[in-house]
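Peer 1: Data file target.cif (mmCIF, C-alpha atoms and all ligand atoms) is appended below.
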data_coords
#
loop_
_atom_site.label_atom_id
_atom_site.label_comp_id
_atom_site.auth_asym_id
_atom_site.auth_seq_id
_atom_site.Cartn_x
_atom_site.Cartn_y
_atom_site.Cartn_z
CA MET A 1 -31.15 115.85 4.49
CA SER A 2 -30.02 119.29 5.55
CA VAL A 3 -30.43 120.60 9.08
CA PRO A 4 -33.41 122.78 8.05
CA GLU A 5 -35.08 119.74 6.48
CA VAL A 6 -34.58 117.62 9.59
CA LEU A 7 -35.86 120.46 11.77
CA ALA A 8 -38.93 120.86 9.56
CA HIS A 9 -39.47 117.11 9.80
CA LEU A 10 -39.22 117.26 13.60
CA ARG A 11 -41.78 120.10 13.73
CA ALA A 12 -44.12 118.08 11.47
CA LEU A 13 -43.69 114.97 13.63
CA GLU A 14 -44.42 117.00 16.77
CA ALA A 15 -47.63 118.29 15.23
CA GLU A 16 -48.67 114.83 14.02
CA THR A 17 -48.10 113.19 17.38
CA GLY A 18 -49.57 115.90 19.59
CA ARG A 19 -46.24 117.05 20.98
CA GLN A 20 -45.58 120.67 21.91
CA PRO A 21 -43.90 122.63 19.10
CA GLY A 22 -40.18 122.75 19.82
CA SER A 23 -40.28 120.01 22.46
CA VAL A 24 -37.86 117.85 20.48
CA ARG A 25 -34.32 119.12 20.15
CA LEU A 26 -31.83 118.09 17.50
CA VAL A 27 -28.40 116.94 18.65
CA ALA A 28 -26.28 116.90 15.49
CA VAL A 29 -23.94 113.93 15.72
CA THR A 30 -20.66 115.15 14.27
CA LYS A 31 -18.28 112.28 15.04
CA GLY A 32 -15.81 111.83 12.21
CA GLN A 33 -16.73 115.19 10.66
CA PRO A 34 -14.13 117.96 10.35
CA PRO A 35 -14.80 121.42 11.83
CA GLU A 36 -15.36 123.03 8.42
CA ALA A 37 -18.10 120.56 7.50
CA ILE A 38 -19.72 121.03 10.90
CA ARG A 39 -19.69 124.78 10.43
CA GLU A 40 -21.26 124.63 6.98
CA ARG A 41 -23.75 121.85 7.57
CA VAL A 42 -24.86 122.53 11.16
CA LEU A 43 -23.68 125.72 12.84
CA ALA A 44 -24.64 127.87 9.83
CA TYR A 45 -28.28 127.06 10.61
CA GLY A 46 -28.03 128.17 14.22
CA GLU A 47 -27.94 124.67 15.68
CA HIS A 48 -25.29 124.41 18.37
CA ALA A 49 -25.78 121.08 20.19
CA LEU A 50 -23.15 118.70 18.82
CA GLY A 51 -22.82 115.03 19.78
CA GLU A 52 -19.37 113.44 19.74
CA GLY A 53 -18.57 109.80 20.51
CA ARG A 54 -14.82 109.83 21.06
CA ALA A 55 -13.35 111.82 23.93
CA GLN A 56 -10.08 112.86 22.26
CA GLU A 57 -11.84 113.87 19.06
CA LEU A 58 -14.20 116.00 21.12
CA ARG A 59 -11.37 117.67 22.99
CA ASP A 60 -9.46 118.39 19.77
CA LYS A 61 -12.47 119.81 17.97
CA ALA A 62 -13.55 121.90 20.94
CA ALA A 63 -10.07 123.43 20.99
CA LEU A 64 -10.14 124.12 17.24
CA MET A 65 -13.65 125.48 17.20
CA THR A 66 -13.16 128.45 19.49
CA GLY A 67 -11.43 130.92 17.20
CA PRO A 68 -9.78 133.37 17.17
CA GLU A 69 -9.21 133.34 13.36
CA ILE A 70 -12.81 132.33 12.70
CA GLU A 71 -15.70 133.47 14.79
CA TRP A 72 -17.33 130.33 16.18
CA PRO A 73 -20.66 130.34 17.99
CA ARG A 74 -20.83 128.98 21.52
CA ILE A 75 -21.10 125.24 20.98
CA GLU A 76 -22.96 122.94 23.33
CA TRP A 77 -20.88 119.75 23.39
CA HIS A 78 -22.65 116.49 24.17
CA PHE A 79 -20.76 113.24 24.74
CA ILE A 80 -22.64 110.25 23.34
CA GLY A 81 -19.91 107.58 23.38
CA THR A 82 -18.73 104.97 25.84
CA LEU A 83 -16.94 106.48 28.83
CA GLN A 84 -13.50 105.14 29.61
CA ARG A 85 -11.83 106.07 32.86
CA ASN A 86 -8.61 107.38 31.33
CA LYS A 87 -10.47 109.58 28.81
CA ILE A 88 -12.78 111.40 31.18
CA LYS A 89 -10.18 114.15 31.49
CA TYR A 90 -10.93 115.16 27.89
CA LEU A 91 -14.57 115.94 28.59
CA LYS A 92 -14.18 119.38 30.14
CA PRO A 93 -16.09 121.15 27.31
CA VAL A 94 -19.11 118.83 27.67
CA THR A 95 -22.45 120.05 29.04
CA LEU A 96 -24.38 116.76 28.74
CA VAL A 97 -23.12 113.17 28.94
CA HIS A 98 -25.71 110.85 27.37
CA GLY A 99 -24.43 107.39 28.21
CA ILE A 100 -23.81 106.86 31.94
CA GLU A 101 -24.07 103.12 32.58
CA GLU A 102 -22.07 102.60 35.76
CA VAL A 103 -21.84 104.57 38.98
CA TRP A 104 -18.03 104.86 38.82
CA GLN A 105 -18.36 106.85 35.59
CA ALA A 106 -20.42 109.53 37.33
CA GLU A 107 -18.04 109.50 40.30
CA ALA A 108 -15.04 110.00 38.01
CA ILE A 109 -16.77 112.85 36.17
CA ALA A 110 -17.71 114.49 39.46
CA GLN A 111 -14.12 114.30 40.60
CA ALA A 112 -12.73 115.68 37.33
CA ALA A 113 -15.35 118.43 37.37
CA GLN A 114 -13.90 119.82 40.59
CA GLY A 115 -10.82 120.79 38.60
CA TRP A 116 -12.89 122.11 35.70
CA GLY A 117 -14.91 124.50 37.80
CA ARG A 118 -18.11 123.34 36.11
CA ALA A 119 -19.85 120.01 35.73
CA PRO A 120 -21.87 118.38 32.96
CA ASP A 121 -25.37 117.03 33.47
CA LEU A 122 -25.96 113.34 32.91
CA LEU A 123 -28.33 110.93 31.22
CA LEU A 124 -28.43 107.26 32.25
CA GLN A 125 -28.30 104.81 29.38
CA LEU A 126 -30.92 102.09 29.62
CA HIS A 127 -29.98 98.59 28.52
CA ASN A 128 -31.93 97.63 25.39
CA GLY A 129 -32.33 93.92 25.95
CA GLU A 130 -29.67 92.93 23.43
CA GLU A 131 -26.88 90.73 24.79
CA GLN A 132 -23.47 92.37 25.33
CA LYS A 133 -24.76 95.86 24.75
CA HIS A 134 -24.33 98.86 26.95
CA GLY A 135 -26.62 100.27 29.55
CA VAL A 136 -28.15 99.94 32.98
CA ARG A 137 -30.42 96.92 33.37
CA PRO A 138 -34.01 98.00 34.00
CA GLU A 139 -34.11 96.22 37.37
CA GLN A 140 -31.05 98.20 38.51
CA LEU A 141 -32.12 101.56 37.15
CA ARG A 142 -33.60 103.05 40.30
CA ASP A 143 -30.65 101.97 42.41
CA VAL A 144 -28.08 103.30 39.93
CA TYR A 145 -30.05 106.53 39.62
CA HIS A 146 -29.91 107.12 43.39
CA GLN A 147 -26.23 106.32 43.57
CA VAL A 148 -25.41 108.61 40.65
CA MET A 149 -27.44 111.41 42.27
CA HIS A 150 -25.20 111.10 45.32
CA THR A 151 -22.22 112.25 43.24
CA GLY A 152 -23.83 115.70 43.27
CA LEU A 153 -24.14 115.73 39.47
CA LYS A 154 -27.53 116.34 37.96
CA VAL A 155 -29.27 113.41 36.28
CA ARG A 156 -31.62 114.90 33.69
CA GLY A 157 -33.00 111.83 31.96
CA LEU A 158 -32.52 108.56 30.15
CA MET A 159 -30.90 107.57 26.87
CA VAL A 160 -31.46 104.43 24.85
CA MET A 161 -30.42 102.94 21.51
CA ALA A 162 -32.54 100.44 19.64
CA PRO A 163 -30.82 97.12 18.81
CA ASP A 164 -29.54 97.01 15.21
CA ASP A 165 -31.94 94.27 14.22
CA ALA A 166 -35.07 95.62 15.96
CA ASP A 167 -38.11 96.12 13.73
CA GLU A 168 -40.34 99.18 14.04
CA GLY A 169 -42.68 97.57 16.54
CA ALA A 170 -39.89 96.49 18.86
CA THR A 171 -38.15 99.85 18.55
CA LEU A 172 -41.32 101.76 19.40
CA ARG A 173 -41.97 99.50 22.41
CA LEU A 174 -38.41 100.05 23.66
CA PHE A 175 -38.79 103.84 23.30
CA GLU A 176 -42.16 103.83 25.03
CA ASP A 177 -40.83 101.68 27.84
CA THR A 178 -37.89 104.06 28.27
CA ALA A 179 -40.27 107.03 28.36
CA ARG A 180 -42.32 105.32 31.07
CA ARG A 181 -39.25 104.65 33.18
CA ALA A 182 -38.06 108.25 32.87
CA HIS A 183 -41.51 109.46 33.84
CA ASP A 184 -41.58 107.12 36.87
CA LEU A 185 -38.28 108.61 38.04
CA GLY A 186 -39.49 112.16 37.40
CA LEU A 187 -36.80 112.73 34.77
CA PRO A 188 -37.63 115.21 31.96
CA GLU A 189 -35.10 114.39 29.22
CA LEU A 190 -35.27 111.44 26.83
CA SER A 191 -32.40 110.98 24.38
CA MET A 192 -33.56 108.47 21.81
CA GLY A 193 -33.78 108.20 18.05
CA MET A 194 -31.05 108.32 15.41
CA SER A 195 -31.09 108.79 11.62
CA SER A 196 -32.99 105.54 11.07
CA ASP A 197 -35.58 105.71 13.84
CA TYR A 198 -36.08 109.25 15.12
CA PRO A 199 -39.72 109.48 13.92
CA LEU A 200 -40.58 106.59 16.27
CA ALA A 201 -38.66 108.25 19.07
CA VAL A 202 -40.59 111.50 18.67
CA ARG A 203 -43.83 109.57 18.80
CA ALA A 204 -42.70 107.94 22.07
CA GLY A 205 -41.72 111.23 23.70
CA ALA A 206 -38.05 111.88 22.85
CA THR A 207 -36.79 115.34 23.84
CA LEU A 208 -33.36 114.90 22.23
CA VAL A 209 -32.79 113.07 18.94
CA ARG A 210 -29.22 112.21 17.97
CA VAL A 211 -28.99 112.46 14.20
CA GLY A 212 -25.68 111.98 12.39
CA ARG A 213 -25.39 110.35 8.96
CA ARG A 214 -28.56 111.88 7.64
CA LEU A 215 -27.16 115.42 8.05
CA PHE A 216 -23.91 114.74 6.24
CA LEU A 217 -24.98 112.65 3.22
C1 LIG A 301 -23.35 107.61 15.86
C2 LIG A 301 -24.38 107.71 16.88
C3 LIG A 301 -25.60 108.34 16.60
C4 LIG A 301 -25.98 108.87 15.22
O1 LIG A 301 -26.27 107.81 14.39
P1 LIG A 301 -26.70 108.09 12.87
O2 LIG A 301 -27.15 106.77 12.41
O3 LIG A 301 -25.46 108.56 12.20
O4 LIG A 301 -27.77 109.10 12.88
C5 LIG A 301 -26.52 108.45 17.63
N1 LIG A 301 -26.26 107.98 18.86
C6 LIG A 301 -25.11 107.36 19.16
C7 LIG A 301 -24.89 106.86 20.54
C8 LIG A 301 -24.15 107.19 18.18
O5 LIG A 301 -23.00 106.57 18.49
#
Would you mind writing the file's structure down as structure tokens?

Peer 2:
Amino acid sequence: MSVPEVLAHLRALEAETGRQPGSVRLVAVTKGQPPEAIRERVLAYGEHALGEGRAQELRDKAALMTGPEIEWPRIEWHFIGTLQRNKIKYLKPVTLVHGIEEVWQAEAIAQAAQGWGRAPDLLLQLHNGEEQKHGVRPEQLRDVYHQVMHTGLKVRGLMVMAPDDADEGATLRLFEDTARRAHDLGLPELSMGMSSDYPLAVRAGATLVRVGRRLFL
């Protein structure tokens, strides 16, 4: 599907589920895609929020995609991967980090951000119930949230990924549970839904859907 088709689908899903028009934003997941493909498939349609999962790849692309030979739009870089301590230094271009799962990650970003002169906002990743997967356990969420807030960075919401083997019912329940927890904490942003399950995420209240493969088929 092209970006315009996915956007039209999002608008239709919003209407179907009683969401405000435009309340769901597309984050185009561009990991593994070269700058030219990103320009043709995403930026050409005026969509500028790009999700990258590897810190060095993000840094390299951000450096390439700023001109001067080609005029690039102002890109909004989102980091959606797993944060490793020694790679945080590459995240200077990022405006939103989707997957904070431990307090030290926020502390390290806050420290690096002092040198950057600007700081990204954060989303806390909620554990999805699958063994050995990432995320903050639900029972620790409030505590981690308060500790992350103390870094001075802004926590804007929650992020979650459905387990690979979850059926539609389980996925919808996970998304609805995540929405409830964000609401209880007074957090406005919900990053959930990928190529395979974003319609369920919109139904449950997602404000950011992270769609990759579907845009580049
Ligand atoms: C790769 C990735 C996506 C996009 O997945 P697709 O199936 O390509 O749409 C979304 N979120 C995260 C965290 C990812 O790593």

Peer 1: Around (-21.9, 113.9, 27.5), as given in the file, which residues come within 6 Å? Count only C-alpha atoms and list them as an mmCIF file with C-alpha atoms, keeping the file's coordinate frame.

Peer 2:
data_model
loop_
_atom_site.group_PDB
_atom_site.id
_atom_site.type_symbol
_atom_site.label_atom_id
_atom_site.label_comp_id
_atom_site.auth_asym_id
_atom_site.auth_seq_id
_atom_site.Cartn_x
_atom_site.Cartn_y
_atom_site.Cartn_z
ATOM 1 C CA HIS A 78 -22.650 116.490 24.170
ATOM 2 C CA PHE A 79 -20.760 113.240 24.740
ATOM 3 C CA ILE A 80 -22.640 110.250 23.340
ATOM 4 C CA VAL A 94 -19.110 118.830 27.670
ATOM 5 C CA LEU A 96 -24.380 116.760 28.740
ATOM 6 C CA VAL A 97 -23.120 113.170 28.940
ATOM 7 C CA HIS A 98 -25.710 110.850 27.370
#

Peer 1: When the cut-off is 10 Å and you count only C-alpha atoms and all ligand atoms, which residues lie near ligand LIG 301 (chain A), shown as a VMD selection string?

Peer 2: chain A and resid 27 to 32 51 to 54 79 to 82 98 to 99 125 159 to 162 191 to 198 209 to 217

Peer 1: Which residues are near Ala119 in chain A? Cut-off 10 Å, only C-alpha atoms, ignore same chain within fewer than 4 positions. Put them as a list in words.

Peer 2: Leu91, Lys92, Pro93, Val94, Thr95, Leu96, Ile109, Ala110, Gln111, Ala112, Ala113, Gln114, Gly115, Gly152, Leu153 and Lys154 of chain A

Peer 1: Between CA of His127 in chain A and CA of Glu101 in chain A, what is the distance in Å, rounded to a tenth?

Peer 2: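 According to the coordinates, CA of His127 in chain A and CA of Glu101 in chain A are separated by 8.5 Å.
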
Peer 1: What is the distance, in Å and to one decimal place, between CA of His9 in chain A and CA of Ala206 in chain A?

Peer 2: 14.1 Å

Peer 1: Identify which of the residues A:Leu26, A:Ala62, A:Ile70, A:Ile75 lies closest to His48 in chain A, counting all atoms listed in the file when measuring atom-to-atom distances.

Peer 2: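 For His48 in chain A, the nearest of the given residues is A:Ile75.
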
Peer 1: As a PDB file with C-alpha atoms, in the frame of the given file, please: the residues near Leu172 in chain A (cut-off 9 Å, all atoms listed in the file, same-chain neighbours under 5 positions excluded).

Peer 2:
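Now in around-v2.pdb:
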ATOM      1  CA  ALA A 162     -32.540 100.440  19.640  1.00  0.00           C
ATOM      2  CA  ASP A 167     -38.110  96.120  13.730  1.00  0.00           C
ATOM      3  CA  ASP A 177     -40.830 101.680  27.840  1.00  0.00           C
ATOM      4  CA  ASP A 197     -35.580 105.710  13.840  1.00  0.00           C
ATOM      5  CA  LEU A 200     -40.580 106.590  16.270  1.00  0.00           C
ATOM      6  CA  ALA A 201     -38.660 108.250  19.070  1.00  0.00           C
ATOM      7  CA  ARG A 203     -43.830 109.570  18.800  1.00  0.00           C
ATOM      8  CA  ALA A 204     -42.700 107.940  22.070  1.00  0.00           C
TER       9      ALA A 204
END

Peer 1: Find the residues with any atom within 12 Å of (-33.0, 119.5, 5.2); use all atoms listed in the file and the coordinates as given in the file, and write the answer as a ChimeraX atom specification.

Peer 2: /A:1-10,41-42,45,214-217

Peer 1: Please determine, counting only C-alpha atoms, which residue among A:Gln147, A:Gln56, A:Ser23, A:Gln105 has the shortest atom-to-atom distance to Leu83 in chain A.

Peer 2: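 Answer, going by the shortest atom-to-atom distance: A:Gln105.
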
Peer 1: In Å, with one decimal, what is the gap from CA of Thr178 in chain A to CA of Val136 in chain A?

Peer 2: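 Pair CA of Thr178 in chain A / CA of Val136 in chain A returns 11.6 Å.
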
Peer 1: Could you check which of A:Val202, A:Ala170, A:Val103, A:Leu126 is closest to Thr17 in chain A, using all atoms listed in the file?

Peer 2: A:Val202

Peer 1: Which centre and edge lengths in Å to one decimal define the box along x, y and z that fits every listed atom of range 207-211 of chain A plus 8 Å per side, as AutoDock Vina command-line options?

Peer 2:
--center_x -32.9 --center_y 113.8 --center_z 19.0 --size_x 23.8 --size_y 19.1 --size_z 25.6

Peer 1: Which residue gives the smallest distance to Pro138 in chain A among A:Arg85, A:Arg25, A:Arg180, A:Arg156, with all atoms listed in the file counted?

Peer 2: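 Ranking A:Arg85, A:Arg25, A:Arg180, A:Arg156 by distance to Pro138 in chain A, first place goes to A:Arg180.
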
Peer 1: Provide range 184-200 of chain A rebuilt to N, CA and C atoms, formatted as a PDB file, in the coordinates of the input.

Peer 2:
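New file out.pdb:
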ATOM      1  N   ASP A 184     -41.486 107.677  35.514  1.00  0.00           N
ATOM      2  CA  ASP A 184     -41.580 107.120  36.870  1.00  0.00           C
ATOM      3  C   ASP A 184     -40.515 107.703  37.797  1.00  0.00           C
ATOM      4  N   LEU A 185     -39.363 108.039  37.231  1.00  0.00           N
ATOM      5  CA  LEU A 185     -38.280 108.610  38.040  1.00  0.00           C
ATOM      6  C   LEU A 185     -38.377 110.135  38.116  1.00  0.00           C
ATOM      7  N   GLY A 186     -39.343 110.704  37.407  1.00  0.00           N
ATOM      8  CA  GLY A 186     -39.490 112.160  37.400  1.00  0.00           C
ATOM      9  C   GLY A 186     -38.420 112.863  36.582  1.00  0.00           C
ATOM     10  N   LEU A 187     -37.892 112.168  35.576  1.00  0.00           N
ATOM     11  CA  LEU A 187     -36.800 112.730  34.770  1.00  0.00           C
ATOM     12  C   LEU A 187     -37.342 113.299  33.457  1.00  0.00           C
ATOM     13  N   PRO A 188     -37.012 114.549  33.121  1.00  0.00           N
ATOM     14  CA  PRO A 188     -37.630 115.210  31.960  1.00  0.00           C
ATOM     15  C   PRO A 188     -37.019 114.890  30.602  1.00  0.00           C
ATOM     16  N   GLU A 189     -35.738 114.521  30.539  1.00  0.00           N
ATOM     17  CA  GLU A 189     -35.100 114.390  29.220  1.00  0.00           C
ATOM     18  C   GLU A 189     -35.062 112.937  28.749  1.00  0.00           C
ATOM     19  N   LEU A 190     -35.310 112.765  27.461  1.00  0.00           N
ATOM     20  CA  LEU A 190     -35.270 111.440  26.830  1.00  0.00           C
ATOM     21  C   LEU A 190     -34.466 111.542  25.546  1.00  0.00           C
ATOM     22  N   SER A 191     -33.254 110.979  25.566  1.00  0.00           N
ATOM     23  CA  SER A 191     -32.400 110.980  24.380  1.00  0.00           C
ATOM     24  C   SER A 191     -32.593 109.666  23.646  1.00  0.00           C
ATOM     25  N   MET A 192     -33.360 109.695  22.578  1.00  0.00           N
ATOM     26  CA  MET A 192     -33.560 108.470  21.810  1.00  0.00           C
ATOM     27  C   MET A 192     -33.946 108.829  20.380  1.00  0.00           C
ATOM     28  N   GLY A 193     -33.550 107.954  19.462  1.00  0.00           N
ATOM     29  CA  GLY A 193     -33.780 108.200  18.050  1.00  0.00           C
ATOM     30  C   GLY A 193     -32.513 108.657  17.366  1.00  0.00           C
ATOM     31  N   MET A 194     -32.200 107.989  16.231  1.00  0.00           N
ATOM     32  CA  MET A 194     -31.050 108.320  15.410  1.00  0.00           C
ATOM     33  C   MET A 194     -31.568 108.487  13.974  1.00  0.00           C
ATOM     34  N   SER A 195     -30.663 108.554  13.006  1.00  0.00           N
ATOM     35  CA  SER A 195     -31.090 108.790  11.620  1.00  0.00           C
ATOM     36  C   SER A 195     -32.208 107.835  11.195  1.00  0.00           C
ATOM     37  N   SER A 196     -32.074 106.564  11.584  1.00  0.00           N
ATOM     38  CA  SER A 196     -32.990 105.540  11.070  1.00  0.00           C
ATOM     39  C   SER A 196     -34.314 105.470  11.830  1.00  0.00           C
ATOM     40  N   ASP A 197     -34.368 105.964  13.047  1.00  0.00           N
ATOM     41  CA  ASP A 197     -35.580 105.710  13.840  1.00  0.00           C
ATOM     42  C   ASP A 197     -36.094 106.910  14.632  1.00  0.00           C
ATOM     43  N   TYR A 198     -35.636 108.114  14.298  1.00  0.00           N
ATOM     44  CA  TYR A 198     -36.080 109.250  15.120  1.00  0.00           C
ATOM     45  C   TYR A 198     -37.584 109.544  15.035  1.00  0.00           C
ATOM     46  N   PRO A 199     -38.267 109.242  13.897  1.00  0.00           N
ATOM     47  CA  PRO A 199     -39.720 109.480  13.920  1.00  0.00           C
ATOM     48  C   PRO A 199     -40.441 108.657  15.006  1.00  0.00           C
ATOM     49  N   LEU A 200     -39.975 107.415  15.210  1.00  0.00           N
ATOM     50  CA  LEU A 200     -40.580 106.590  16.270  1.00  0.00           C
ATOM     51  C   LEU A 200     -40.274 107.177  17.636  1.00  0.00           C
TER      52      LEU A 200
END
